[in-house]
file structure_3.csv (CSV, C-alpha atoms and all ligand atoms)
chain,number,residue,atom,x,y,z
A,170,MET,CA,48.4,58.1,-53.5
A,171,SER,CA,50.2,54.8,-53.2
A,172,LYS,CA,51.3,52.9,-56.3
A,173,ILE,CA,49.4,50.0,-57.7
A,174,LYS,CA,51.1,46.7,-57.0
A,175,LEU,CA,51.5,44.9,-60.3
A,176,TYR,CA,52.2,41.2,-60.8
A,177,PHE,CA,52.6,39.3,-64.0
A,178,LEU,CA,51.6,35.6,-63.9
A,179,THR,CA,53.3,33.4,-66.6
A,180,GLY,CA,53.6,29.7,-67.1
A,181,PHE,CA,53.1,27.3,-70.0
A,182,LEU,CA,49.7,26.3,-71.3
A,183,GLY,CA,47.5,24.8,-68.5
A,184,ALA,CA,50.1,25.3,-65.8
A,185,GLY,CA,47.3,26.6,-63.5
A,186,LYS,CA,47.4,30.4,-63.9
A,187,THR,CA,43.7,31.0,-63.9
A,188,THR,CA,43.2,28.5,-61.0
A,189,ILE,CA,45.8,30.4,-58.9
A,190,LEU,CA,44.5,33.8,-59.9
A,191,ARG,CA,40.9,32.7,-58.9
A,192,ASN,CA,42.3,31.6,-55.6
A,193,LEU,CA,44.1,34.9,-55.0
A,194,LEU,CA,41.1,36.9,-55.9
A,195,GLU,CA,38.8,34.9,-53.6
A,196,ASN,CA,40.6,36.4,-50.7
A,197,MET,CA,40.6,40.0,-51.8
A,198,GLU,CA,37.0,41.1,-51.1
A,199,GLY,CA,37.1,44.8,-50.3
A,200,THR,CA,40.4,45.3,-52.2
A,201,LYS,CA,40.3,47.2,-55.5
A,202,VAL,CA,41.7,44.8,-58.0
A,203,GLY,CA,42.2,44.8,-61.8
A,204,VAL,CA,43.0,41.8,-64.1
A,205,ILE,CA,44.4,41.9,-67.6
A,206,GLN,CA,43.6,38.6,-69.1
A,207,ASN,CA,45.5,37.4,-72.2
A,208,GLU,CA,44.5,34.4,-74.4
A,209,LEU,CA,46.0,33.2,-77.6
A,210,GLY,CA,42.7,32.5,-79.4
A,211,LYS,CA,39.8,34.7,-80.3
A,212,ILE,CA,37.5,33.3,-77.6
A,213,SER,CA,38.2,33.9,-73.9
A,214,ILE,CA,37.5,31.0,-71.7
A,215,ASP,CA,39.5,32.3,-68.8
A,216,GLY,CA,37.7,35.6,-68.9
A,217,THR,CA,34.4,33.7,-68.4
A,218,VAL,CA,35.9,31.7,-65.5
A,219,LEU,CA,37.2,34.9,-63.8
A,220,GLN,CA,34.0,37.0,-64.3
A,221,ASN,CA,33.3,38.9,-61.2
A,222,ASN,CA,31.5,42.3,-60.9
A,223,ASP,CA,34.0,43.5,-58.3
A,224,ILE,CA,37.0,43.1,-60.5
A,225,GLN,CA,38.0,45.5,-63.3
A,226,MET,CA,38.9,43.3,-66.2
A,227,ILE,CA,40.5,43.9,-69.6
A,228,GLU,CA,40.8,41.0,-72.0
A,229,LEU,CA,43.5,41.0,-74.7
A,230,ASN,CA,43.0,38.0,-77.1
A,231,ARG,CA,44.4,36.6,-80.3
A,232,GLY,CA,48.0,36.6,-79.4
A,233,SER,CA,50.6,37.2,-76.8
A,234,ILE,CA,50.8,40.5,-74.9
A,235,PHE,CA,54.6,40.4,-75.2
A,236,CYS,CA,54.4,40.1,-79.1
A,237,SER,CA,54.6,43.2,-81.3
A,238,CYS,CA,51.0,42.3,-82.4
A,239,LEU,CA,49.6,43.1,-78.9
A,240,ARG,CA,52.4,44.9,-77.0
A,241,LEU,CA,50.9,48.4,-77.5
A,242,SER,CA,47.4,47.2,-76.6
A,243,PHE,CA,49.0,45.8,-73.4
A,244,VAL,CA,50.6,49.2,-72.5
A,245,ASP,CA,47.2,50.8,-73.3
A,246,ALA,CA,45.4,48.4,-71.0
A,247,LEU,CA,47.9,49.1,-68.2
A,248,THR,CA,47.5,52.8,-68.7
A,249,GLN,CA,43.7,52.5,-68.5
A,250,MET,CA,43.9,50.4,-65.4
A,251,ALA,CA,46.1,53.1,-63.8
A,252,GLN,CA,43.2,55.5,-63.9
A,253,LYS,CA,40.8,53.3,-61.9
A,254,GLY,CA,42.0,53.8,-58.4
A,255,LEU,CA,43.1,50.2,-57.9
A,256,GLU,CA,45.4,48.7,-55.3
A,257,TYR,CA,46.5,45.6,-57.3
A,258,VAL,CA,46.7,44.6,-60.9
A,259,PHE,CA,47.4,41.0,-62.0
A,260,VAL,CA,48.3,40.2,-65.6
A,261,GLU,CA,47.6,36.6,-66.6
A,262,SER,CA,49.7,36.0,-69.7
A,263,SER,CA,48.8,33.4,-72.3
A,264,GLY,CA,50.5,30.1,-71.9
A,265,PHE,CA,52.7,30.9,-74.9
A,266,GLY,CA,53.7,34.3,-73.4
A,267,ASP,CA,57.4,34.9,-73.4
A,268,PRO,CA,58.0,37.8,-71.0
A,269,SER,CA,61.7,38.4,-71.9
A,270,ASN,CA,60.8,42.0,-72.8
A,271,ALA,CA,58.7,42.8,-69.8
A,272,GLU,CA,61.0,45.6,-68.7
A,273,GLU,CA,60.5,47.4,-72.1
A,274,ILE,CA,56.7,47.2,-71.6
A,275,LEU,CA,57.0,48.5,-68.0
A,276,ALA,CA,59.2,51.4,-69.2
A,277,ALA,CA,56.6,52.4,-71.9
A,278,THR,CA,53.9,52.2,-69.2
A,279,GLU,CA,55.9,54.4,-67.0
A,280,VAL,CA,55.9,57.1,-69.7
A,281,MET,CA,52.1,56.8,-70.3
A,282,ALA,CA,51.2,56.6,-66.6
A,283,PRO,CA,54.1,58.0,-64.6
A,284,GLY,CA,54.5,56.7,-61.1
A,285,ALA,CA,51.3,54.6,-61.3
A,286,TYR,CA,52.8,51.1,-60.8
A,287,ASP,CA,55.0,49.3,-58.3
A,288,PHE,CA,56.0,46.2,-60.3
A,289,ARG,CA,56.3,43.4,-57.8
A,290,GLY,CA,57.5,40.7,-60.1
A,291,CYS,CA,56.9,38.0,-62.6
A,292,ILE,CA,55.5,34.8,-61.1
A,293,CYS,CA,56.0,31.7,-63.2
A,294,LEU,CA,53.8,28.7,-62.6
A,295,VAL,CA,55.4,25.3,-63.4
A,296,ASP,CA,53.1,22.3,-64.0
A,297,CYS,CA,54.8,19.5,-62.0
A,298,TYR,CA,52.6,16.9,-63.6
A,299,ASN,CA,53.5,17.8,-67.3
A,300,PHE,CA,56.7,19.9,-67.1
A,301,LEU,CA,59.2,17.1,-67.7
A,302,ASP,CA,57.3,16.1,-70.9
A,303,GLN,CA,56.9,19.7,-72.1
A,304,ILE,CA,60.3,21.1,-71.5
A,305,GLY,CA,61.7,20.0,-74.8
A,306,ASP,CA,58.6,21.2,-76.7
A,307,SER,CA,59.1,24.9,-76.5
A,308,GLU,CA,61.7,27.6,-75.8
A,309,THR,CA,58.8,29.6,-74.2
A,310,ILE,CA,59.1,27.5,-71.0
A,311,ASP,CA,62.8,28.3,-70.8
A,312,ARG,CA,62.2,32.0,-71.3
A,313,GLN,CA,59.3,32.1,-68.8
A,314,LEU,CA,61.5,30.6,-66.1
A,315,LYS,CA,64.6,32.6,-67.0
A,316,HIS,CA,62.7,35.8,-66.7
A,317,CYS,CA,60.7,35.1,-63.5
A,318,ASN,CA,61.2,36.4,-60.0
A,319,LEU,CA,59.3,33.5,-58.3
A,320,ALA,CA,58.6,30.0,-59.5
A,321,VAL,CA,55.5,28.2,-58.1
A,322,LEU,CA,55.4,24.5,-58.7
A,323,THR,CA,51.7,23.7,-59.3
A,324,LYS,CA,49.8,20.4,-59.1
A,325,VAL,CA,52.2,18.9,-56.5
A,326,ASP,CA,49.1,16.9,-55.3
A,327,LEU,CA,49.3,14.9,-58.5
A,328,VAL,CA,53.0,13.7,-58.3
A,329,GLY,CA,55.4,12.1,-55.9
A,330,SER,CA,58.3,13.8,-54.0
A,331,GLU,CA,60.9,12.4,-56.4
A,332,GLN,CA,59.2,14.1,-59.4
A,333,ILE,CA,58.9,17.4,-57.5
A,334,GLU,CA,62.7,17.2,-56.9
A,335,GLN,CA,63.4,16.5,-60.6
A,336,VAL,CA,61.3,19.5,-61.6
A,337,LYS,CA,63.0,21.7,-59.0
A,338,ASP,CA,66.4,20.6,-60.4
A,339,LYS,CA,65.4,21.6,-63.9
A,340,VAL,CA,64.0,24.9,-62.8
A,341,ARG,CA,67.3,25.6,-61.0
A,342,GLU,CA,69.3,24.8,-64.2
A,343,ILE,CA,67.3,27.5,-66.0
A,344,ASN,CA,67.0,30.0,-63.2
A,345,PRO,CA,69.4,29.6,-60.3
A,346,VAL,CA,68.2,32.6,-58.3
A,347,CYS,CA,64.4,32.7,-58.1
A,348,PRO,CA,62.7,31.4,-55.0
A,349,ILE,CA,60.7,28.2,-55.6
A,350,THR,CA,57.5,27.4,-53.8
A,351,GLU,CA,54.9,24.7,-54.2
A,352,SER,CA,51.1,24.7,-54.7
A,353,ALA,CA,48.6,21.8,-54.3
A,354,ASN,CA,45.0,21.9,-55.6
A,355,GLY,CA,45.4,25.4,-56.8
A,356,ASN,CA,46.2,26.9,-53.4
A,357,ILE,CA,49.0,29.4,-53.2
A,358,ASP,CA,51.0,30.6,-50.2
A,359,ARG,CA,50.5,34.4,-50.0
A,360,SER,CA,53.8,35.1,-48.3
A,361,PHE,CA,55.1,36.4,-51.6
A,362,TYR,CA,53.2,39.6,-51.1
A,363,ASP,CA,55.6,40.5,-48.3
A,364,MET,CA,58.7,39.6,-50.3
A,365,ASP,CA,60.7,41.9,-52.5
A,366,LEU,CA,60.7,39.5,-55.5
A,367,MET,CA,62.6,42.1,-57.6
A,368,LEU,CA,65.7,41.1,-55.6
A,369,TYR,CA,65.6,37.8,-57.5
A,370,LYS,CA,66.4,38.8,-61.0
A,371,TRP,CA,68.4,36.4,-63.2
A,372,ALA,CA,68.3,37.5,-66.8
A,373,GLU,CA,68.6,40.8,-68.5
A,374,CYS,CA,65.7,42.1,-70.7
A,375,GLU,CA,65.9,40.7,-74.3
A,376,ASP,CA,63.7,40.3,-77.3
A,377,THR,CA,60.7,38.1,-76.8
A,378,THR,CA,60.4,35.0,-79.0
A,379,ASN,CA,56.7,35.7,-79.5
A,380,SER,CA,55.8,36.8,-83.0
A,381,SER,CA,52.6,36.6,-85.1
A,382,LYS,CA,54.5,34.0,-87.3
A,383,ASN,CA,55.3,31.5,-84.6
A,384,LYS,CA,52.0,31.8,-82.7
A,385,PRO,CA,50.4,28.4,-82.4
A,386,LYS,CA,47.1,28.0,-84.4
A,387,THR,CA,44.0,28.0,-82.3
A,388,PHE,CA,40.5,26.8,-83.3
A,389,SER,CA,37.2,26.7,-81.5
A,390,MET,CA,34.2,24.5,-81.7
A,391,ASP,CA,30.5,25.4,-81.1
A,392,PHE,CA,28.0,22.7,-80.4
A,393,THR,CA,24.4,22.9,-79.4
A,394,GLY,CA,22.8,19.9,-77.7
A,395,GLU,CA,24.4,17.4,-75.3
A,396,ILE,CA,26.4,14.2,-75.7
A,397,GLN,CA,27.4,11.3,-73.5
A,398,LYS,CA,30.5,11.7,-71.4
A,399,GLU,CA,32.1,8.6,-72.9
A,400,LYS,CA,31.8,10.1,-76.4
A,401,LEU,CA,33.4,13.4,-75.3
A,402,GLU,CA,36.2,11.4,-73.6
A,403,ALA,CA,36.8,9.3,-76.7
A,404,PHE,CA,36.9,12.5,-78.9
A,405,LEU,CA,39.3,14.3,-76.6
A,406,ALA,CA,41.6,11.2,-76.3
A,407,LYS,CA,41.8,11.0,-80.0
A,408,ILE,CA,43.0,14.5,-80.6
A,409,GLU,CA,45.1,14.8,-77.4
A,410,PRO,CA,48.5,14.0,-79.2
A,411,ASP,CA,47.9,16.9,-81.6
A,412,VAL,CA,47.1,19.6,-79.1
A,413,PHE,CA,49.0,21.6,-76.5
A,414,ARG,CA,45.7,22.4,-74.7
A,415,VAL,CA,41.9,22.1,-74.9
A,416,LYS,CA,39.6,24.1,-72.7
A,417,GLY,CA,36.0,25.1,-72.6
A,418,PHE,CA,32.5,24.1,-71.4
A,419,PHE,CA,30.4,21.3,-72.5
A,420,LYS,CA,26.9,20.0,-71.9
A,421,VAL,CA,27.1,16.3,-71.0
A,422,GLU,CA,24.1,14.0,-70.9
A,423,LYS,CA,22.8,13.4,-67.4
A,424,GLU,CA,25.7,15.3,-65.8
A,425,GLY,CA,24.9,18.7,-67.1
A,426,TRP,CA,27.4,21.5,-67.8
A,427,GLU,CA,31.1,20.7,-67.3
A,428,LYS,CA,34.2,22.7,-67.5
A,429,VAL,CA,36.6,20.8,-69.7
A,430,ASP,CA,40.4,21.0,-69.4
A,431,VAL,CA,43.0,19.0,-71.3
A,432,VAL,CA,46.6,19.6,-70.5
A,433,GLY,CA,49.1,17.1,-71.8
A,434,LYS,CA,47.8,13.6,-71.1
A,435,LYS,CA,45.4,14.8,-68.3
A,436,ARG,CA,41.7,15.5,-68.8
A,437,ASP,CA,39.8,17.3,-66.1
A,438,TYR,CA,36.1,17.9,-65.8
A,439,ALA,CA,34.4,20.1,-63.2
A,440,PRO,CA,30.7,21.0,-62.8
A,441,TYR,CA,30.0,24.4,-64.3
A,442,GLU,CA,27.2,26.9,-64.6
A,443,PRO,CA,24.9,26.7,-67.7
A,444,GLN,CA,26.3,28.4,-70.8
A,445,PRO,CA,24.5,29.5,-74.0
A,446,LYS,CA,26.2,26.7,-76.0
A,447,SER,CA,29.0,24.1,-75.6
A,448,GLN,CA,32.3,25.6,-76.7
A,449,LEU,CA,35.9,24.2,-76.8
A,450,VAL,CA,39.1,26.0,-77.7
A,451,PHE,CA,42.0,23.9,-79.2
A,452,ILE,CA,45.6,25.0,-79.2
A,453,SER,CA,47.3,23.1,-82.0
A,454,LYS,CA,50.7,21.4,-82.0
A,455,ILE,CA,50.3,20.6,-85.7
A,456,GLY,CA,49.1,23.9,-87.3
A,457,ILE,CA,46.1,23.9,-89.4
A,458,ALA,CA,46.3,20.1,-89.9
A,459,LEU,CA,44.4,20.0,-86.6
A,460,ILE,CA,41.2,21.0,-88.4
A,461,ARG,CA,41.1,17.7,-90.3
A,462,GLU,CA,42.0,15.7,-87.1
A,463,ILE,CA,39.2,17.4,-85.1
A,464,ALA,CA,36.6,16.8,-87.9
A,465,ALA,CA,37.6,13.2,-88.3
A,466,ALA,CA,37.7,12.4,-84.6
A,467,TRP,CA,34.4,14.1,-84.0
A,468,GLU,CA,32.7,12.3,-86.9
A,469,GLU,CA,34.0,8.9,-85.5
A,470,CYS,CA,33.3,9.5,-81.9
A,471,VAL,CA,30.2,11.7,-81.9
A,472,GLY,CA,28.8,12.2,-85.5
A,473,LEU,CA,26.5,15.1,-84.7
A,474,PRO,CA,26.6,18.6,-86.4
A,475,MET,CA,29.1,21.1,-84.9
A,476,LYS,CA,30.8,24.2,-86.1
A,477,LEU,CA,34.5,24.7,-86.2
A,478,ASN,CA,35.9,28.3,-86.2
A,479,ASN,CA,39.4,29.7,-86.5
B,1,LIG,N1,45.2,18.5,-59.4
B,1,LIG,C1,45.5,19.8,-59.7
B,1,LIG,N2,44.9,20.4,-60.8
B,1,LIG,C2,45.2,21.7,-61.0
B,1,LIG,C3,46.0,22.5,-60.2
B,1,LIG,N3,46.1,23.7,-60.7
B,1,LIG,C4,45.4,23.7,-61.8
B,1,LIG,N4,44.9,22.5,-62.0
B,1,LIG,C5,44.0,22.1,-63.2
B,1,LIG,O1,44.8,22.2,-64.4
B,1,LIG,C6,43.9,22.6,-65.4
B,1,LIG,C7,44.4,23.9,-66.1
B,1,LIG,O2,44.4,24.9,-65.1
B,1,LIG,P1,44.2,26.5,-65.6
B,1,LIG,O3,44.2,27.3,-64.3
B,1,LIG,O4,43.1,26.7,-66.5
B,1,LIG,O5,45.6,26.7,-66.3
B,1,LIG,P2,46.1,28.0,-67.1
B,1,LIG,O6,47.5,28.1,-66.9
B,1,LIG,O7,45.2,29.1,-66.8
B,1,LIG,O8,45.8,27.5,-68.6
B,1,LIG,P3,46.0,28.4,-70.0
B,1,LIG,O9,45.4,29.8,-69.7
B,1,LIG,O10,45.3,27.7,-71.0
B,1,LIG,O11,47.5,28.4,-70.2
B,1,LIG,C8,42.5,22.8,-64.8
B,1,LIG,O12,41.8,21.6,-65.0
B,1,LIG,C9,42.8,23.0,-63.3
B,1,LIG,O13,41.7,22.5,-62.5
B,1,LIG,C10,46.6,21.8,-59.0
B,1,LIG,O14,47.3,22.4,-58.2
B,1,LIG,N5,46.3,20.5,-58.8

call {"tool": "encode", "arguments": {"input": "structure_3.csv", "output": "structure tokens", "more": "lines below"}}
Ligand SMILES: Nc1nc2c(ncn2[C@@H]2O[C@H](COP(=O)(O)OP(=O)(O)OP(=O)(O)O)[C@@H](O)[C@H]2O)c(=O)[nH]1
result
Amino acid sequence: MSKIKLYFLTGFLGAGKTTILRNLLENMEGTKVGVIQNELGKISIDGTVLQNNDIQMIELNRGSIFCSCLRLSFVDALTQMAQKGLEYVFVESSGFGDPSNAEEILAATEVMAPGAYDFRGCICLVDCYNFLDQIGDSETIDRQLKHCNLAVLTKVDLVGSEQIEQVKDKVREINPVCPITESANGNIDRSFYDMDLMLYKWAECEDTTNSSKNKPKTFSMDFTGEIQKEKLEAFLAKIEPDVFRVKGFFKVEKEGWEKVDVVGKKRDYAPYEPQPKSQLVFISKIGIALIREIAAAWEECVGLPMKLNN
């Protein structure tokens, strides 16, 4: 039996991992595919977005799959996936995932499921729109690039050619060997399937920086009812400086259900299918102080009952 082709997708919060994965999966009807989905928080928004009966999905939430807190569960998930007769497995890491120790995880998987996988590489998505502002924020971005075998510059539709070149220069400073490709509107060139990405290895395996101690705090909000778009906008604008990322679904007056994405200074809305309730996940830049900021901003901009969870 041929080995399962295994790809890791990394990239900072909101870089476009779920978007690219959806795009890849859309063209794989008839192919047996598994997805391991990793989110920092308790609630999986991406799992809902990727839901598809034809795909074998395992969700690992509440941390990074590279951290000691989830590493064994990750090896277990890969071992389970190895028994399902799949052709491809994609792993979507959380935006804070530091894959420096990927080789260690693959070695453990090889013991648990000998000969099951052909690891085809780590693909790091780089958000061209936000990257230059984010690069100083976190060592994670450095590590994700250092340990990738292909960098895909996403959201090139949102920036000019000068900014794309600046991002490329920075990527080259961190990883001089990985191929660099570009992606607009979530579309990805599939020629990487035919490449031996493992030829492009820059850094040796090292300890991950992910730990339960330095994991950013995440909170979620539940809301029943609907609000005007302007109020939701005002609320999100208020908390934007204090969050790395907001994502979820919201019922908006007149417009109906919307998928909400805040990445850096950009807020995106897209029509979405009805959900049992409105739900937003917040990834905090300021620890638990975000609770107070969310409560105050909500009170000022919306003023209706909602429930905050951690
Ligand atoms: N304009 C544009 N927007 C994009 C592109 N790729 C992703 N986006 C948007 O960027 C936002 C975040 O995309 P996701 O795919 O959810 O990002 P992610 O990396 O999975 O996010 P996390 O899992 O939270 O780290 C969404 O609003 C996407 O629609 C792109 O190529 N162009």

call {"tool": "residues_near_ligand", "arguments": {"input": "structure_3.csv", "ligand": "ligand LIG 1 (chain B)", "cutoff": "7 Å", "atoms": "only C-alpha atoms and all ligand atoms", "output": "mmCIF file with C-alpha atoms, keeping the file's coordinate frame"}}
result
data_model
loop_
_atom_site.group_PDB
_atom_site.id
_atom_site.type_symbol
_atom_site.label_atom_id
_atom_site.label_comp_id
_atom_site.auth_asym_id
_atom_site.auth_seq_id
_atom_site.Cartn_x
_atom_site.Cartn_y
_atom_site.Cartn_z
ATOM 1 C CA GLY A 180 53.600 29.700 -67.100
ATOM 2 C CA PHE A 181 53.100 27.300 -70.000
ATOM 3 C CA LEU A 182 49.700 26.300 -71.300
ATOM 4 C CA GLY A 183 47.500 24.800 -68.500
ATOM 5 C CA ALA A 184 50.100 25.300 -65.800
ATOM 6 C CA GLY A 185 47.300 26.600 -63.500
ATOM 7 C CA LYS A 186 47.400 30.400 -63.900
ATOM 8 C CA THR A 187 43.700 31.000 -63.900
ATOM 9 C CA THR A 188 43.200 28.500 -61.000
ATOM 10 C CA ILE A 189 45.800 30.400 -58.900
ATOM 11 C CA GLU A 208 44.500 34.400 -74.400
ATOM 12 C CA ASP A 215 39.500 32.300 -68.800
ATOM 13 C CA SER A 263 48.800 33.400 -72.300
ATOM 14 C CA GLY A 264 50.500 30.100 -71.900
ATOM 15 C CA THR A 323 51.700 23.700 -59.300
ATOM 16 C CA LYS A 324 49.800 20.400 -59.100
ATOM 17 C CA VAL A 325 52.200 18.900 -56.500
ATOM 18 C CA ASP A 326 49.100 16.900 -55.300
ATOM 19 C CA LEU A 327 49.300 14.900 -58.500
ATOM 20 C CA SER A 352 51.100 24.700 -54.700
ATOM 21 C CA ALA A 353 48.600 21.800 -54.300
ATOM 22 C CA ASN A 354 45.000 21.900 -55.600
ATOM 23 C CA GLY A 355 45.400 25.400 -56.800
ATOM 24 C CA ASN A 356 46.200 26.900 -53.400
ATOM 25 C CA ARG A 414 45.700 22.400 -74.700
ATOM 26 C CA LYS A 416 39.600 24.100 -72.700
ATOM 27 C CA ASP A 430 40.400 21.000 -69.400
ATOM 28 C CA VAL A 431 43.000 19.000 -71.300
ATOM 29 C CA VAL A 432 46.600 19.600 -70.500
ATOM 30 C CA ASP A 437 39.800 17.300 -66.100
ATOM 31 C CA TYR A 438 36.100 17.900 -65.800
#

call {"tool": "closest_atom_pairs", "arguments": {"input": "structure_3.csv", "of": "region 376-455 of chain A", "to": "region 238-254 of chain A", "cutoff": "10 Å", "atoms": "all atoms listed in the file", "output": "tab-separated table"}}
result
residue	atom	partner	partner_atom	distance
A:Asn379	CA	A:Cys238	CA	9.2
A:Ser380	CA	A:Cys238	CA	7.3
A:Ser381	CA	A:Cys238	CA	6.5

call {"tool": "closest_residue", "arguments": {"input": "structure_3.csv", "among": "A:Arg341, A:Arg312, A:Lys476, A:Lys407", "to": "Leu449 (chain A)", "atoms": "only C-alpha atoms"}}
result
A:Lys476

call {"tool": "atom_distance", "arguments": {"input": "structure_3.csv", "atom1": "CA of Val471 (chain A)", "atom2": "CA of Pro410 (chain A)"}}
result
18.6 Å

call {"tool": "atom_distance", "arguments": {"input": "structure_3.csv", "atom1": "CA of Thr387 (chain A)", "atom2": "CA of Gly425 (chain A)"}}
result
26.1 Å

call {"tool": "closest_residue", "arguments": {"input": "structure_3.csv", "among": "A:Trp426, A:Phe177, A:Phe361, A:Trp467", "to": "Phe404 (chain A)", "atoms": "only C-alpha atoms"}}
result
A:Trp467

call {"tool": "residues_around", "arguments": {"input": "structure_3.csv", "residues": "Val204 (chain A)", "least_positions_apart": "5", "cutoff": "12 Å", "atoms": "only C-alpha atoms", "output": "JSON, numbers by chain"}}
result
{"A": [174, 175, 176, 177, 178, 187, 190, 191, 193, 194, 215, 216, 219, 220, 221, 222, 223, 224, 225, 226, 227, 228, 229, 243, 246, 247, 249, 250, 251, 253, 255, 256, 257, 258, 259, 260, 261, 262]}

call {"tool": "closest_residue", "arguments": {"input": "structure_3.csv", "among": "A:Glu308, A:Ala465, A:Phe300, A:Ile460", "to": "Ile333 (chain A)", "atoms": "all atoms listed in the file"}}
result
A:Phe300

call {"tool": "atom_distance", "arguments": {"input": "structure_3.csv", "atom1": "CA of Glu351 (chain A)", "atom2": "CA of Ser269 (chain A)"}}
result
23.4 Å

call {"tool": "closest_residue", "arguments": {"input": "structure_3.csv", "among": "A:Asn478, A:Asn318, A:Asn344, A:Thr309", "to": "Phe388 (chain A)", "atoms": "only C-alpha atoms"}}
result
A:Asn478

call {"tool": "residues_around", "arguments": {"input": "structure_3.csv", "residues": "Val421 (chain A)", "least_positions_apart": "3", "cutoff": "9 Å", "atoms": "all atoms listed in the file", "output": "list in words"}}
result
Gly394, Glu395, Ile396, Gln397, Lys398, Leu401, Glu424, Gly425, Trp426 and Glu427 of chain A

call {"tool": "decode", "arguments": {"input": "structure_3.csv", "residues": "region 379-401 of chain A", "atoms": "C-alpha atoms", "output": "PDB file, in the first residue's frame"}}
result
ATOM      1  CA  ASN A 379       5.254  26.662  22.524  1.00  0.00           C
ATOM      2  CA  SER A 380       4.430  25.981  26.163  1.00  0.00           C
ATOM      3  CA  SER A 381       1.294  26.111  28.285  1.00  0.00           C
ATOM      4  CA  LYS A 382       2.815  29.127  30.045  1.00  0.00           C
ATOM      5  CA  ASN A 383       3.302  31.368  26.996  1.00  0.00           C
ATOM      6  CA  LYS A 384       0.107  30.380  25.211  1.00  0.00           C
ATOM      7  CA  PRO A 385      -1.982  33.500  24.486  1.00  0.00           C
ATOM      8  CA  LYS A 386      -5.248  33.687  26.413  1.00  0.00           C
ATOM      9  CA  THR A 387      -8.365  33.005  24.382  1.00  0.00           C
ATOM     10  CA  PHE A 388     -11.946  33.929  25.219  1.00  0.00           C
ATOM     11  CA  SER A 389     -15.231  33.356  23.503  1.00  0.00           C
ATOM     12  CA  MET A 390     -18.505  35.227  23.455  1.00  0.00           C
ATOM     13  CA  ASP A 391     -22.001  33.788  22.989  1.00  0.00           C
ATOM     14  CA  PHE A 392     -24.828  36.031  21.927  1.00  0.00           C
ATOM     15  CA  THR A 393     -28.439  35.243  21.072  1.00  0.00           C
ATOM     16  CA  GLY A 394     -30.322  37.712  18.927  1.00  0.00           C
ATOM     17  CA  GLU A 395     -29.089  40.076  16.248  1.00  0.00           C
ATOM     18  CA  ILE A 396     -27.445  43.500  16.141  1.00  0.00           C
ATOM     19  CA  GLN A 397     -26.832  46.202  13.552  1.00  0.00           C
ATOM     20  CA  LYS A 398     -23.659  45.826  11.514  1.00  0.00           C
ATOM     21  CA  GLU A 399     -22.467  49.324  12.580  1.00  0.00           C
ATOM     22  CA  LYS A 400     -22.624  48.291  16.242  1.00  0.00           C
ATOM     23  CA  LEU A 401     -20.669  45.104  15.602  1.00  0.00           C
TER      24      LEU A 401
END
